[in-house]
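Text of upload_21.tsv (TSV, C-alpha atoms) as supplied:
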```tsv
chain	number	residue	atom	x	y	z
A	1	MET	CA	-52.15	-101.29	-186.49
A	2	SER	CA	-51.43	-97.62	-187.10
A	3	LYS	CA	-50.03	-96.46	-190.42
A	4	LYS	CA	-46.31	-95.79	-190.43
A	5	HIS	CA	-46.45	-93.41	-193.36
A	6	GLU	CA	-48.59	-90.38	-194.02
A	7	HIS	CA	-49.44	-91.11	-197.65
A	8	PHE	CA	-51.25	-94.15	-199.01
A	9	GLU	CA	-48.86	-94.46	-201.96
A	10	THR	CA	-45.96	-94.98	-199.54
A	11	SER	CA	-47.80	-97.27	-197.11
A	12	VAL	CA	-48.84	-99.59	-199.92
A	13	ILE	CA	-45.16	-100.30	-200.64
A	14	HIS	CA	-43.54	-100.25	-197.20
A	15	ASP	CA	-45.93	-100.87	-194.30
A	16	GLY	CA	-45.72	-104.21	-192.50
A	17	TYR	CA	-42.21	-105.08	-193.68
A	18	ASP	CA	-38.68	-104.13	-192.67
A	19	ALA	CA	-35.86	-105.53	-194.83
A	20	LYS	CA	-33.55	-105.42	-191.80
A	21	ASP	CA	-35.59	-108.23	-190.24
A	22	MET	CA	-35.04	-110.45	-193.31
A	23	LEU	CA	-31.31	-110.30	-194.04
A	24	GLY	CA	-31.76	-107.12	-196.06
A	25	SER	CA	-34.02	-108.71	-198.67
A	26	LEU	CA	-35.75	-105.93	-200.63
A	27	ALA	CA	-38.57	-108.23	-201.71
A	28	THR	CA	-40.64	-109.89	-199.01
A	29	PRO	CA	-39.36	-113.47	-198.66
A	30	LEU	CA	-41.71	-116.34	-199.40
A	31	PHE	CA	-41.94	-118.66	-196.41
A	32	GLN	CA	-43.20	-121.73	-198.24
A	33	THR	CA	-43.47	-123.95	-195.19
A	34	SER	CA	-46.30	-125.83	-193.55
A	35	THR	CA	-44.83	-126.08	-190.06
A	36	TYR	CA	-42.13	-124.66	-187.78
A	37	THR	CA	-39.62	-126.26	-185.46
A	38	PHE	CA	-39.30	-125.59	-181.74
A	39	ASP	CA	-36.01	-125.26	-179.91
A	40	THR	CA	-37.33	-127.41	-177.10
A	41	ALA	CA	-40.45	-129.36	-176.19
A	42	GLU	CA	-41.10	-126.79	-173.49
A	43	GLN	CA	-41.06	-123.98	-176.07
A	44	GLY	CA	-43.66	-125.87	-178.08
A	45	GLU	CA	-45.79	-126.20	-174.96
A	46	ARG	CA	-45.54	-122.45	-174.25
A	47	ARG	CA	-46.52	-121.51	-177.80
A	48	PHE	CA	-49.52	-123.81	-177.85
A	49	ALA	CA	-50.57	-122.42	-174.49
A	50	GLY	CA	-50.29	-118.87	-175.82
A	51	GLU	CA	-47.59	-118.00	-173.31
A	52	GLU	CA	-44.94	-117.27	-175.93
A	53	GLU	CA	-45.19	-115.62	-179.33
A	54	GLY	CA	-43.89	-117.53	-182.32
A	55	TYR	CA	-44.96	-119.61	-185.27
A	56	ILE	CA	-46.47	-123.07	-184.83
A	57	TYR	CA	-48.14	-124.13	-188.09
A	58	SER	CA	-48.94	-122.16	-191.23
A	59	ARG	CA	-52.69	-122.54	-190.78
A	60	LEU	CA	-52.18	-120.49	-187.61
A	61	GLY	CA	-49.70	-117.96	-188.96
A	62	ASN	CA	-46.96	-117.46	-191.53
A	63	PRO	CA	-44.38	-114.64	-191.86
A	64	THR	CA	-45.25	-113.86	-195.50
A	65	VAL	CA	-48.96	-113.86	-194.73
A	66	ASN	CA	-48.39	-111.62	-191.73
A	67	VAL	CA	-46.74	-108.94	-193.89
A	68	LEU	CA	-49.85	-108.89	-196.07
A	69	GLU	CA	-52.15	-108.73	-193.05
A	70	GLU	CA	-50.24	-105.85	-191.48
A	71	ARG	CA	-50.15	-103.95	-194.74
A	72	ILE	CA	-53.86	-104.22	-195.49
A	73	ALA	CA	-54.64	-103.20	-191.89
A	74	ALA	CA	-52.52	-100.09	-192.34
A	75	LEU	CA	-54.15	-99.24	-195.67
A	76	GLU	CA	-57.68	-99.56	-194.25
A	77	ASN	CA	-56.63	-97.78	-191.05
A	78	GLY	CA	-57.66	-100.78	-188.95
A	79	GLU	CA	-56.16	-102.51	-185.95
A	80	ARG	CA	-55.64	-105.91	-187.53
A	81	GLY	CA	-55.95	-107.78	-190.82
A	82	LEU	CA	-56.62	-111.44	-191.62
A	83	ALA	CA	-55.97	-113.18	-194.94
A	84	PHE	CA	-58.11	-115.98	-196.38
A	85	GLY	CA	-58.03	-118.38	-199.31
A	86	SER	CA	-60.87	-116.59	-201.11
A	87	GLY	CA	-63.20	-113.65	-200.77
A	88	MET	CA	-66.03	-116.00	-199.84
A	89	ALA	CA	-63.87	-117.65	-197.18
A	90	ALA	CA	-63.50	-114.17	-195.68
A	91	VAL	CA	-67.23	-113.41	-195.94
A	92	SER	CA	-68.28	-116.74	-194.43
A	93	ALA	CA	-65.76	-116.54	-191.58
A	94	VAL	CA	-66.98	-113.09	-190.57
A	95	LEU	CA	-70.70	-113.89	-190.82
A	96	ILE	CA	-70.32	-117.18	-188.95
A	97	ALA	CA	-68.33	-115.39	-186.23
A	98	LEU	CA	-71.05	-112.76	-185.82
A	99	THR	CA	-74.07	-115.07	-185.77
A	100	LYS	CA	-75.59	-118.11	-184.13
A	101	ALA	CA	-78.77	-120.05	-184.84
A	102	HIS	CA	-81.92	-117.87	-185.02
A	103	ASP	CA	-80.02	-114.59	-185.41
A	104	HIS	CA	-80.78	-112.02	-188.10
A	105	ILE	CA	-78.61	-110.15	-190.62
A	106	LEU	CA	-79.71	-106.91	-192.28
A	107	CYS	CA	-78.26	-106.56	-195.79
A	108	SER	CA	-78.02	-103.91	-198.46
A	109	SER	CA	-80.53	-104.32	-201.29
A	110	GLY	CA	-78.08	-106.01	-203.64
A	111	LEU	CA	-75.34	-108.55	-203.00
A	112	TYR	CA	-72.79	-110.63	-204.85
A	113	GLY	CA	-74.47	-113.86	-205.94
A	114	CYS	CA	-72.34	-116.17	-203.78
A	115	THR	CA	-72.93	-114.00	-200.70
A	116	PHE	CA	-76.65	-114.33	-201.42
A	117	GLY	CA	-76.14	-118.10	-201.71
A	118	LEU	CA	-74.30	-118.23	-198.37
A	119	LEU	CA	-77.10	-116.30	-196.64
A	120	THR	CA	-79.67	-118.66	-198.13
A	121	MET	CA	-77.72	-121.68	-196.86
A	122	MET	CA	-77.38	-120.15	-193.39
A	123	GLN	CA	-81.13	-119.59	-193.28
A	124	GLU	CA	-81.97	-123.11	-194.48
A	125	LYS	CA	-79.53	-124.87	-192.15
A	126	TYR	CA	-79.41	-122.67	-189.05
A	127	ASN	CA	-82.46	-120.38	-189.29
A	128	ILE	CA	-80.19	-117.33	-189.47
A	129	THR	CA	-82.57	-115.02	-191.29
A	130	HIS	CA	-81.84	-111.95	-193.38
A	131	ASP	CA	-83.64	-108.98	-194.84
A	132	PHE	CA	-82.72	-106.56	-197.59
A	133	SER	CA	-82.93	-102.81	-197.14
A	134	SER	CA	-82.51	-99.94	-199.57
A	135	MET	CA	-80.57	-98.20	-196.78
A	136	ASP	CA	-81.40	-94.87	-198.39
A	137	SER	CA	-82.36	-93.28	-195.07
A	138	LYS	CA	-81.93	-93.83	-191.34
A	139	GLU	CA	-85.54	-94.88	-191.06
A	140	ALA	CA	-85.12	-97.46	-193.84
A	141	VAL	CA	-82.33	-99.04	-191.80
A	142	ARG	CA	-84.04	-98.74	-188.39
A	143	SER	CA	-87.32	-100.20	-189.63
A	144	LEU	CA	-85.77	-103.61	-190.39
A	145	ILE	CA	-83.57	-104.00	-187.32
A	146	LYS	CA	-84.90	-106.73	-185.02
A	147	PRO	CA	-84.00	-107.76	-181.46
A	148	GLU	CA	-82.12	-110.72	-182.97
A	149	THR	CA	-80.19	-108.62	-185.53
A	150	THR	CA	-76.48	-109.22	-184.90
A	151	CYS	CA	-74.88	-107.42	-187.84
A	152	ILE	CA	-75.51	-105.19	-190.83
A	153	TYR	CA	-73.87	-106.31	-194.07
A	154	VAL	CA	-73.30	-103.76	-196.82
A	155	GLU	CA	-71.94	-103.72	-200.34
A	156	THR	CA	-71.13	-100.32	-201.78
A	157	PRO	CA	-70.99	-99.88	-204.68
A	158	ILE	CA	-73.48	-102.74	-204.93
A	159	ASN	CA	-72.63	-105.50	-207.38
A	160	PRO	CA	-73.58	-105.06	-210.21
A	161	THR	CA	-76.03	-102.12	-210.11
A	162	MET	CA	-73.46	-99.66	-208.71
A	163	LYS	CA	-75.93	-98.30	-206.14
A	164	LEU	CA	-74.14	-96.52	-203.28
A	165	ILE	CA	-74.85	-96.74	-199.55
A	166	ASP	CA	-74.03	-93.90	-197.17
A	167	LEU	CA	-71.74	-95.76	-194.76
A	168	GLN	CA	-71.55	-93.00	-192.18
A	169	MET	CA	-75.36	-92.87	-192.00
A	170	VAL	CA	-75.66	-96.65	-191.63
A	171	SER	CA	-72.95	-96.69	-188.95
A	172	GLU	CA	-74.75	-94.00	-186.96
A	173	VAL	CA	-77.94	-96.08	-186.91
A	174	ALA	CA	-76.03	-99.28	-186.07
A	175	SER	CA	-74.37	-97.58	-183.12
A	176	GLU	CA	-77.81	-96.84	-181.66
A	177	PHE	CA	-78.39	-100.60	-181.45
A	178	ASN	CA	-74.76	-101.61	-180.77
A	179	ILE	CA	-74.71	-103.67	-183.97
A	180	PRO	CA	-71.49	-104.07	-186.02
A	181	VAL	CA	-71.42	-102.96	-189.66
A	182	VAL	CA	-69.60	-105.20	-192.14
A	183	VAL	CA	-68.68	-103.74	-195.54
A	184	ASP	CA	-67.61	-105.54	-198.69
A	185	ASN	CA	-65.14	-103.00	-200.07
A	186	THR	CA	-64.01	-105.08	-203.06
A	187	PHE	CA	-65.19	-102.69	-205.78
A	188	SER	CA	-63.32	-99.72	-204.32
A	189	SER	CA	-60.24	-101.07	-202.54
A	190	PRO	CA	-58.80	-98.97	-199.69
A	191	TYR	CA	-57.40	-96.56	-202.25
A	192	LEU	CA	-60.85	-95.27	-203.16
A	193	GLN	CA	-62.85	-95.90	-199.97
A	194	ARG	CA	-62.08	-96.68	-196.32
A	195	PRO	CA	-65.23	-97.77	-194.45
A	196	LEU	CA	-63.59	-97.97	-191.02
A	197	GLU	CA	-62.91	-94.24	-191.16
A	198	LEU	CA	-66.65	-93.75	-191.70
A	199	GLY	CA	-67.61	-95.63	-188.54
A	200	CYS	CA	-67.95	-99.18	-189.85
A	201	ASP	CA	-66.52	-102.13	-187.91
A	202	VAL	CA	-65.31	-104.75	-190.39
A	203	VAL	CA	-64.06	-104.48	-193.97
A	204	ILE	CA	-63.93	-107.42	-196.37
A	205	HIS	CA	-62.14	-107.68	-199.72
A	206	SER	CA	-62.10	-110.25	-202.43
A	207	ALA	CA	-58.37	-109.66	-202.86
A	208	THR	CA	-58.62	-111.57	-206.12
A	209	LYS	CA	-59.77	-108.34	-207.70
A	210	TYR	CA	-58.07	-104.92	-207.47
A	211	ILE	CA	-55.68	-105.82	-204.65
A	212	GLY	CA	-54.15	-108.68	-206.62
A	213	GLY	CA	-54.78	-106.92	-209.89
A	214	HIS	CA	-53.29	-109.45	-212.28
A	215	GLY	CA	-55.83	-112.28	-212.47
A	216	ASP	CA	-53.44	-114.85	-211.00
A	217	VAL	CA	-54.56	-115.28	-207.40
A	218	VAL	CA	-57.76	-116.07	-205.46
A	219	ALA	CA	-57.83	-114.64	-201.93
A	220	GLY	CA	-59.79	-112.69	-199.33
A	221	LEU	CA	-58.90	-110.10	-196.68
A	222	VAL	CA	-60.63	-108.83	-193.55
A	223	VAL	CA	-59.74	-105.76	-191.48
A	224	GLY	CA	-61.21	-104.67	-188.16
A	225	LYS	CA	-60.67	-104.47	-184.41
A	226	LYS	CA	-57.87	-106.63	-183.05
A	227	ASP	CA	-60.00	-108.36	-180.40
A	228	PHE	CA	-62.61	-109.41	-182.96
A	229	LEU	CA	-60.12	-110.65	-185.55
A	230	ASP	CA	-58.08	-112.46	-182.89
A	231	SER	CA	-61.28	-114.35	-182.10
A	232	VAL	CA	-62.01	-115.02	-185.80
A	233	GLN	CA	-58.47	-116.31	-186.31
A	234	MET	CA	-58.68	-118.78	-183.44
A	235	THR	CA	-62.20	-119.98	-184.26
A	236	THR	CA	-63.75	-119.75	-187.72
A	237	GLN	CA	-60.46	-119.34	-189.59
A	238	LYS	CA	-58.49	-121.97	-187.67
A	239	ASP	CA	-61.22	-124.57	-187.38
A	240	ILE	CA	-62.93	-124.18	-190.77
A	241	GLY	CA	-59.55	-123.67	-192.42
A	242	GLY	CA	-60.15	-121.16	-195.22
A	243	ILE	CA	-56.56	-119.94	-195.06
A	244	ILE	CA	-54.42	-118.34	-197.74
A	245	SER	CA	-51.25	-119.99	-199.06
A	246	PRO	CA	-47.93	-118.19	-198.50
A	247	PHE	CA	-47.38	-117.94	-202.26
A	248	ASP	CA	-50.76	-116.28	-202.81
A	249	ALA	CA	-50.00	-113.84	-199.99
A	250	TRP	CA	-46.67	-113.07	-201.70
A	251	LEU	CA	-48.49	-112.35	-204.96
A	252	LEU	CA	-50.85	-109.96	-203.19
A	253	ILE	CA	-47.97	-108.12	-201.53
A	254	ARG	CA	-46.47	-107.63	-204.97
A	255	GLY	CA	-49.78	-106.56	-206.47
A	256	LEU	CA	-50.51	-104.05	-203.71
A	257	LYS	CA	-47.41	-102.02	-204.54
A	258	THR	CA	-48.98	-100.74	-207.77
A	259	LEU	CA	-52.57	-100.42	-206.49
A	260	PRO	CA	-52.78	-96.59	-206.60
A	261	ILE	CA	-51.29	-96.39	-210.09
A	262	ARG	CA	-53.54	-99.14	-211.40
A	263	LEU	CA	-56.70	-97.75	-209.81
A	264	ASP	CA	-56.11	-94.31	-211.28
A	265	ARG	CA	-55.77	-95.85	-214.74
A	266	HIS	CA	-58.85	-98.03	-214.21
A	267	CYS	CA	-60.80	-94.93	-213.18
A	268	ASP	CA	-59.50	-92.85	-216.10
A	269	ASN	CA	-60.57	-95.54	-218.55
A	270	ALA	CA	-63.96	-96.03	-216.92
A	271	GLU	CA	-64.71	-92.31	-217.04
A	272	ASN	CA	-63.96	-92.19	-220.77
A	273	ILE	CA	-65.91	-95.36	-221.56
A	274	TYR	CA	-68.86	-94.12	-219.51
A	275	GLU	CA	-69.11	-90.98	-221.63
A	276	LYS	CA	-69.18	-93.06	-224.79
A	277	LEU	CA	-71.69	-95.61	-223.51
A	278	ARG	CA	-74.21	-93.01	-222.37
A	279	ASN	CA	-74.39	-91.63	-225.91
A	280	HIS	CA	-74.68	-94.93	-227.78
A	281	PRO	CA	-78.15	-95.50	-229.29
A	282	ASN	CA	-78.26	-99.17	-228.25
A	283	VAL	CA	-77.52	-98.43	-224.59
A	284	THR	CA	-80.59	-97.50	-222.55
A	285	LYS	CA	-79.02	-96.96	-219.10
A	286	VAL	CA	-75.53	-96.59	-217.68
A	287	TYR	CA	-74.70	-97.08	-214.00
A	288	TYR	CA	-71.48	-95.45	-212.87
A	289	PRO	CA	-70.88	-93.66	-209.52
A	290	ASN	CA	-68.93	-90.82	-211.11
A	291	ASP	CA	-71.97	-89.82	-213.15
A	292	THR	CA	-73.16	-86.46	-211.80
A	293	ASP	CA	-76.72	-87.57	-212.67
A	294	HIS	CA	-76.35	-90.76	-210.60
A	295	PRO	CA	-78.90	-90.56	-207.75
A	296	ASP	CA	-76.17	-91.42	-205.26
A	297	TYR	CA	-73.51	-89.09	-206.64
A	298	TYR	CA	-73.49	-87.06	-203.42
A	299	ILE	CA	-72.48	-90.24	-201.57
A	300	ARG	CA	-69.67	-90.84	-204.05
A	301	GLU	CA	-68.33	-87.35	-203.36
A	302	LYS	CA	-68.66	-87.91	-199.62
A	303	GLN	CA	-66.96	-91.28	-199.22
A	304	MET	CA	-65.17	-92.30	-202.42
A	305	LYS	CA	-62.04	-90.76	-203.92
A	306	ARG	CA	-63.16	-91.59	-207.48
A	307	GLY	CA	-65.87	-93.60	-209.22
A	308	GLY	CA	-63.92	-96.83	-209.67
A	309	GLY	CA	-63.30	-99.06	-212.66
A	310	LEU	CA	-66.69	-100.82	-212.88
A	311	ILE	CA	-69.52	-99.79	-215.16
A	312	SER	CA	-72.86	-101.52	-215.63
A	313	PHE	CA	-75.15	-100.74	-218.52
A	314	GLU	CA	-78.38	-101.97	-220.07
A	315	ILE	CA	-78.84	-102.53	-223.78
A	316	LYS	CA	-81.87	-102.58	-226.04
A	317	GLY	CA	-83.24	-106.03	-226.72
A	318	THR	CA	-83.33	-109.35	-224.91
A	319	LYS	CA	-81.06	-111.67	-222.99
A	320	GLU	CA	-80.06	-113.20	-226.31
A	321	ASP	CA	-79.15	-109.76	-227.67
A	322	ALA	CA	-76.96	-109.14	-224.62
A	323	GLN	CA	-75.22	-112.46	-225.08
A	324	ALA	CA	-74.78	-111.83	-228.82
A	325	MET	CA	-73.20	-108.48	-228.02
A	326	LEU	CA	-70.70	-110.18	-225.70
A	327	ASN	CA	-69.96	-112.85	-228.31
A	328	ALA	CA	-69.20	-110.16	-230.89
A	329	LEU	CA	-66.32	-108.70	-228.86
A	330	SER	CA	-62.79	-109.10	-230.14
A	331	PHE	CA	-60.21	-108.60	-227.36
A	332	VAL	CA	-62.44	-107.66	-224.41
A	333	LYS	CA	-62.69	-110.91	-222.47
A	334	ILE	CA	-65.91	-112.55	-221.27
A	335	ALA	CA	-65.07	-113.35	-217.64
A	336	VAL	CA	-66.69	-112.90	-214.24
A	337	SER	CA	-63.87	-111.30	-212.28
A	338	LEU	CA	-62.81	-107.66	-212.15
A	339	GLY	CA	-59.84	-105.44	-211.40
A	340	ASP	CA	-57.46	-107.21	-213.79
A	341	ALA	CA	-55.16	-105.57	-216.32
A	342	GLU	CA	-57.45	-106.98	-219.01
A	343	THR	CA	-60.89	-105.50	-219.64
A	344	LEU	CA	-63.51	-108.06	-218.60
A	345	ILE	CA	-67.21	-108.19	-219.35
A	346	GLN	CA	-70.01	-110.45	-218.13
A	347	HIS	CA	-73.77	-110.98	-218.05
A	348	PRO	CA	-74.77	-110.94	-214.35
A	349	ALA	CA	-78.23	-112.48	-214.77
A	350	THR	CA	-76.77	-115.72	-216.14
A	351	MET	CA	-73.33	-115.62	-214.50
A	352	THR	CA	-72.48	-113.96	-211.16
A	353	HIS	CA	-76.12	-113.71	-210.07
A	354	ALA	CA	-77.45	-116.90	-211.65
A	355	VAL	CA	-77.93	-118.41	-208.17
A	356	VAL	CA	-80.35	-115.62	-207.23
A	357	PRO	CA	-84.03	-116.46	-207.91
A	358	GLU	CA	-85.45	-114.39	-210.75
A	359	GLY	CA	-87.82	-112.39	-208.57
A	360	SER	CA	-85.09	-111.42	-206.11
A	361	ARG	CA	-82.69	-110.75	-208.96
A	362	LEU	CA	-85.09	-108.33	-210.63
A	363	GLU	CA	-85.73	-106.59	-207.30
A	364	MET	CA	-81.97	-106.05	-207.12
A	365	GLY	CA	-82.10	-104.44	-210.56
A	366	VAL	CA	-80.27	-107.27	-212.32
A	367	THR	CA	-82.21	-107.51	-215.56
A	368	ASP	CA	-81.59	-109.72	-218.60
A	369	GLN	CA	-80.37	-106.62	-220.44
A	370	LEU	CA	-77.75	-105.66	-217.80
A	371	ILE	CA	-74.06	-106.03	-218.62
A	372	ARG	CA	-71.15	-105.43	-216.24
A	373	LEU	CA	-67.85	-104.08	-217.54
A	374	SER	CA	-64.56	-104.05	-215.65
A	375	THR	CA	-62.34	-101.59	-217.47
A	376	GLY	CA	-58.76	-102.76	-217.74
A	377	LEU	CA	-55.48	-100.98	-218.22
A	378	GLU	CA	-55.44	-100.96	-222.01
A	379	ALA	CA	-55.80	-97.76	-224.05
A	380	TRP	CA	-59.39	-96.67	-223.48
A	381	GLU	CA	-59.79	-95.93	-227.20
A	382	ASP	CA	-59.15	-99.59	-228.02
A	383	ILE	CA	-61.60	-100.73	-225.35
A	384	TRP	CA	-64.26	-98.42	-226.75
A	385	ASN	CA	-63.65	-99.45	-230.37
A	386	ASP	CA	-64.27	-103.08	-229.44
A	387	LEU	CA	-67.37	-102.27	-227.40
A	388	GLU	CA	-68.75	-99.99	-230.09
A	389	GLN	CA	-68.46	-102.50	-232.92
A	390	ALA	CA	-70.21	-105.13	-230.75
A	391	LEU	CA	-72.96	-102.72	-229.70
A	392	ASN	CA	-73.51	-101.71	-233.31
A	393	LYS	CA	-74.28	-105.33	-234.19
A	394	ILE	CA	-77.36	-105.27	-231.97
A	395	ASN	CA	-78.90	-103.04	-234.67
A	396	VAL	CA	-77.72	-105.38	-237.40
A	397	LYS	CA	-79.44	-108.30	-235.68
A	398	ALA	CA	-82.63	-106.29	-235.15
A	399	VAL	CA	-82.78	-105.27	-238.81
A	400	SER	CA	-82.25	-108.84	-239.99
A	401	LYS	CA	-85.26	-110.18	-238.11
```
As structure tokens, please, write out the structure in this file.
Amino acid sequence: MSKKHEHFETSVIHDGYDAKDMLGSLATPLFQTSTYTFDTAEQGERRFAGEEEGYIYSRLGNPTVNVLEERIAALENGERGLAFGSGMAAVSAVLIALTKAHDHILCSSGLYGCTFGLLTMMQEKYNITHDFSSMDSKEAVRSLIKPETTCIYVETPINPTMKLIDLQMVSEVASEFNIPVVVDNTFSSPYLQRPLELGCDVVIHSATKYIGGHGDVVAGLVVGKKDFLDSVQMTTQKDIGGIISPFDAWLLIRGLKTLPIRLDRHCDNAENIYEKLRNHPNVTKVYYPNDTDHPDYYIREKQMKRGGGLISFEIKGTKEDAQAMLNALSFVKIAVSLGDAETLIQHPATMTHAVVPEGSRLEMGVTDQLIRLSTGLEAWEDIWNDLEQALNKINVKAVSK
């Protein structure tokens, strides 16, 4: 689908919906129905045969869901979008569609813990193997591509180390081998980064995060070529059934309208908190793409509008010190999601990446001292005051030993 409006801030509110089609309703109506009636038995036959367009059953299509799918396709500048019941439903549908037994997937060097778990399961059950690459050069990508490689799967920024991958470079290598590139764009949203415009083939979002933005929905989105997503819809989505509910789609449509405003505030807050964290004596490292000293900063300037709302940092001490620091927080919430109005903080080694074996986890850079912070929409000064008082207590604990 092509964008109807020139500017993202307009598309995010209007694309995919015309009030004239819905009795003039300004808000997108919620079609809370499981099935649809046919005028005649013959009409039902034609729709099931694919000879006539129209709704059949909400697992196969729903008007509210379709507005969301058209809007996210427009925002990512893709041909078609598909909505799922969770981010992992989206990831699994795409990877299952692109692979068969004995195939191979090349992955970026760090992945969300559940994606890692899915890849492990696919290897154990179907011998679909995978390798991890730093993807810091064309040769690093080429060297791990095999005859049986059927897709390249990338997170950027990588969760939770915030390492960046040059998507244009990876896409250029993939095109040499005619291999599709799949990108998890959750951390950036289409407001900050649009992988399809950089040559990638499929974009995935955990819409639970920035797209929803309010911590009240679990969902996933995929954008790509129409032919591919038509196939996904009629196979892995229809038959495995990881669909989104109409109400959750309605919530995402509502959340999307404020995405640019929210993301700018998230980024503003993250930039201020980053400056404070890098100067705190109990913080040894800070990982944030907007840092001009970040080794991948040139990639951030090339493909991201801003650095995003996520910061990871390492503290002095042990796992127990990291957990004690989290426990000392006042209003910053310990939770594993991101992109909400509330500032959230978590310990990846024991939470989001607990499923990853220790050796692999450390190779990813997920140490016991690493903490991931999702800056919310509160006043950044209040966020920092809470973080600072908790960080200061690491010293208090050290002195008391």
Using only C-alpha atoms for the distances, tell me which of A:Thr149, A:Ser188, A:Asn77, A:Ser92 is nearest to Lys305 of chain A.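 Closest to Lys305 of chain A of all the choices is A:Ser188.
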Out of A:Arg254, A:Lys393, A:His7, A:Lys209, which residue has the shortest atom-to-atom distance to Ala27 of chain A when counting all atoms listed in the file?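 Ranking A:Arg254, A:Lys393, A:His7, A:Lys209 by distance to Ala27 of chain A, first place goes to A:Arg254.
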Can you tell me, as a list in words, what residues are no more than 8 Å from segment 10-17 of chain A when counting all atoms listed in the file, ignoring any on the same chain fewer than 3 positions away?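 The residues that qualify are Lys3, Lys4, His5, Glu6, His7, Thr28, Asn66, Val67, Leu68, Glu69, Glu70, Arg71, Ala74, Leu75, Leu256, Lys257, Thr258 and Leu259 of chain A.
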For atom CA of Leu30 of chain A and atom CA of Trp250 of chain A, quote the distance in Å rounded to one decimal. 6.4 Å
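Distance check against Phe247 of chain A using only C-alpha atoms: of A:Met304, A:Gln168, A:Asp21, A:Val65, the minimum falls on A:Val65.
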Missing atoms in segment 170-183 of chain A should be modelled up to N, CA and C atoms and reported as a PDB file, in the coordinates of the input.
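Contents of the output file selection.pdb:
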```pdb
ATOM      1  N   VAL A 170     -75.359 -95.310-192.115  1.00  0.00           N
ATOM      2  CA  VAL A 170     -75.660 -96.650-191.630  1.00  0.00           C
ATOM      3  C   VAL A 170     -74.966 -96.915-190.295  1.00  0.00           C
ATOM      4  N   SER A 171     -73.717 -96.480-190.187  1.00  0.00           N
ATOM      5  CA  SER A 171     -72.950 -96.690-188.950  1.00  0.00           C
ATOM      6  C   SER A 171     -73.576 -95.953-187.774  1.00  0.00           C
ATOM      7  N   GLU A 172     -74.106 -94.766-188.034  1.00  0.00           N
ATOM      8  CA  GLU A 172     -74.750 -94.000-186.960  1.00  0.00           C
ATOM      9  C   GLU A 172     -75.982 -94.729-186.433  1.00  0.00           C
ATOM     10  N   VAL A 173     -76.764 -95.318-187.344  1.00  0.00           N
ATOM     11  CA  VAL A 173     -77.940 -96.080-186.910  1.00  0.00           C
ATOM     12  C   VAL A 173     -77.496 -97.343-186.160  1.00  0.00           C
ATOM     13  N   ALA A 174     -76.507 -98.040-186.702  1.00  0.00           N
ATOM     14  CA  ALA A 174     -76.030 -99.280-186.070  1.00  0.00           C
ATOM     15  C   ALA A 174     -75.531 -99.030-184.657  1.00  0.00           C
ATOM     16  N   SER A 175     -74.889 -97.884-184.452  1.00  0.00           N
ATOM     17  CA  SER A 175     -74.370 -97.580-183.120  1.00  0.00           C
ATOM     18  C   SER A 175     -75.489 -97.398-182.106  1.00  0.00           C
ATOM     19  N   GLU A 176     -76.669 -96.979-182.563  1.00  0.00           N
ATOM     20  CA  GLU A 176     -77.810 -96.840-181.660  1.00  0.00           C
ATOM     21  C   GLU A 176     -78.217 -98.193-181.073  1.00  0.00           C
ATOM     22  N   PHE A 177     -77.979 -99.256-181.862  1.00  0.00           N
ATOM     23  CA  PHE A 177     -78.390-100.600-181.450  1.00  0.00           C
ATOM     24  C   PHE A 177     -77.188-101.467-181.055  1.00  0.00           C
ATOM     25  N   ASN A 178     -75.994-100.879-181.098  1.00  0.00           N
ATOM     26  CA  ASN A 178     -74.760-101.610-180.770  1.00  0.00           C
ATOM     27  C   ASN A 178     -74.587-102.832-181.682  1.00  0.00           C
ATOM     28  N   ILE A 179     -74.828-102.602-182.974  1.00  0.00           N
ATOM     29  CA  ILE A 179     -74.710-103.670-183.970  1.00  0.00           C
ATOM     30  C   ILE A 179     -73.522-103.361-184.876  1.00  0.00           C
ATOM     31  N   PRO A 180     -72.623-104.320-185.132  1.00  0.00           N
ATOM     32  CA  PRO A 180     -71.490-104.070-186.020  1.00  0.00           C
ATOM     33  C   PRO A 180     -71.906-103.965-187.485  1.00  0.00           C
ATOM     34  N   VAL A 181     -71.192-103.123-188.225  1.00  0.00           N
ATOM     35  CA  VAL A 181     -71.420-102.960-189.660  1.00  0.00           C
ATOM     36  C   VAL A 181     -70.262-103.584-190.414  1.00  0.00           C
ATOM     37  N   VAL A 182     -70.591-104.503-191.318  1.00  0.00           N
ATOM     38  CA  VAL A 182     -69.600-105.200-192.140  1.00  0.00           C
ATOM     39  C   VAL A 182     -69.746-104.685-193.568  1.00  0.00           C
ATOM     40  N   VAL A 183     -68.641-104.306-194.194  1.00  0.00           N
ATOM     41  CA  VAL A 183     -68.680-103.740-195.540  1.00  0.00           C
ATOM     42  C   VAL A 183     -67.806-104.539-196.486  1.00  0.00           C
TER      43      VAL A 183
END
```
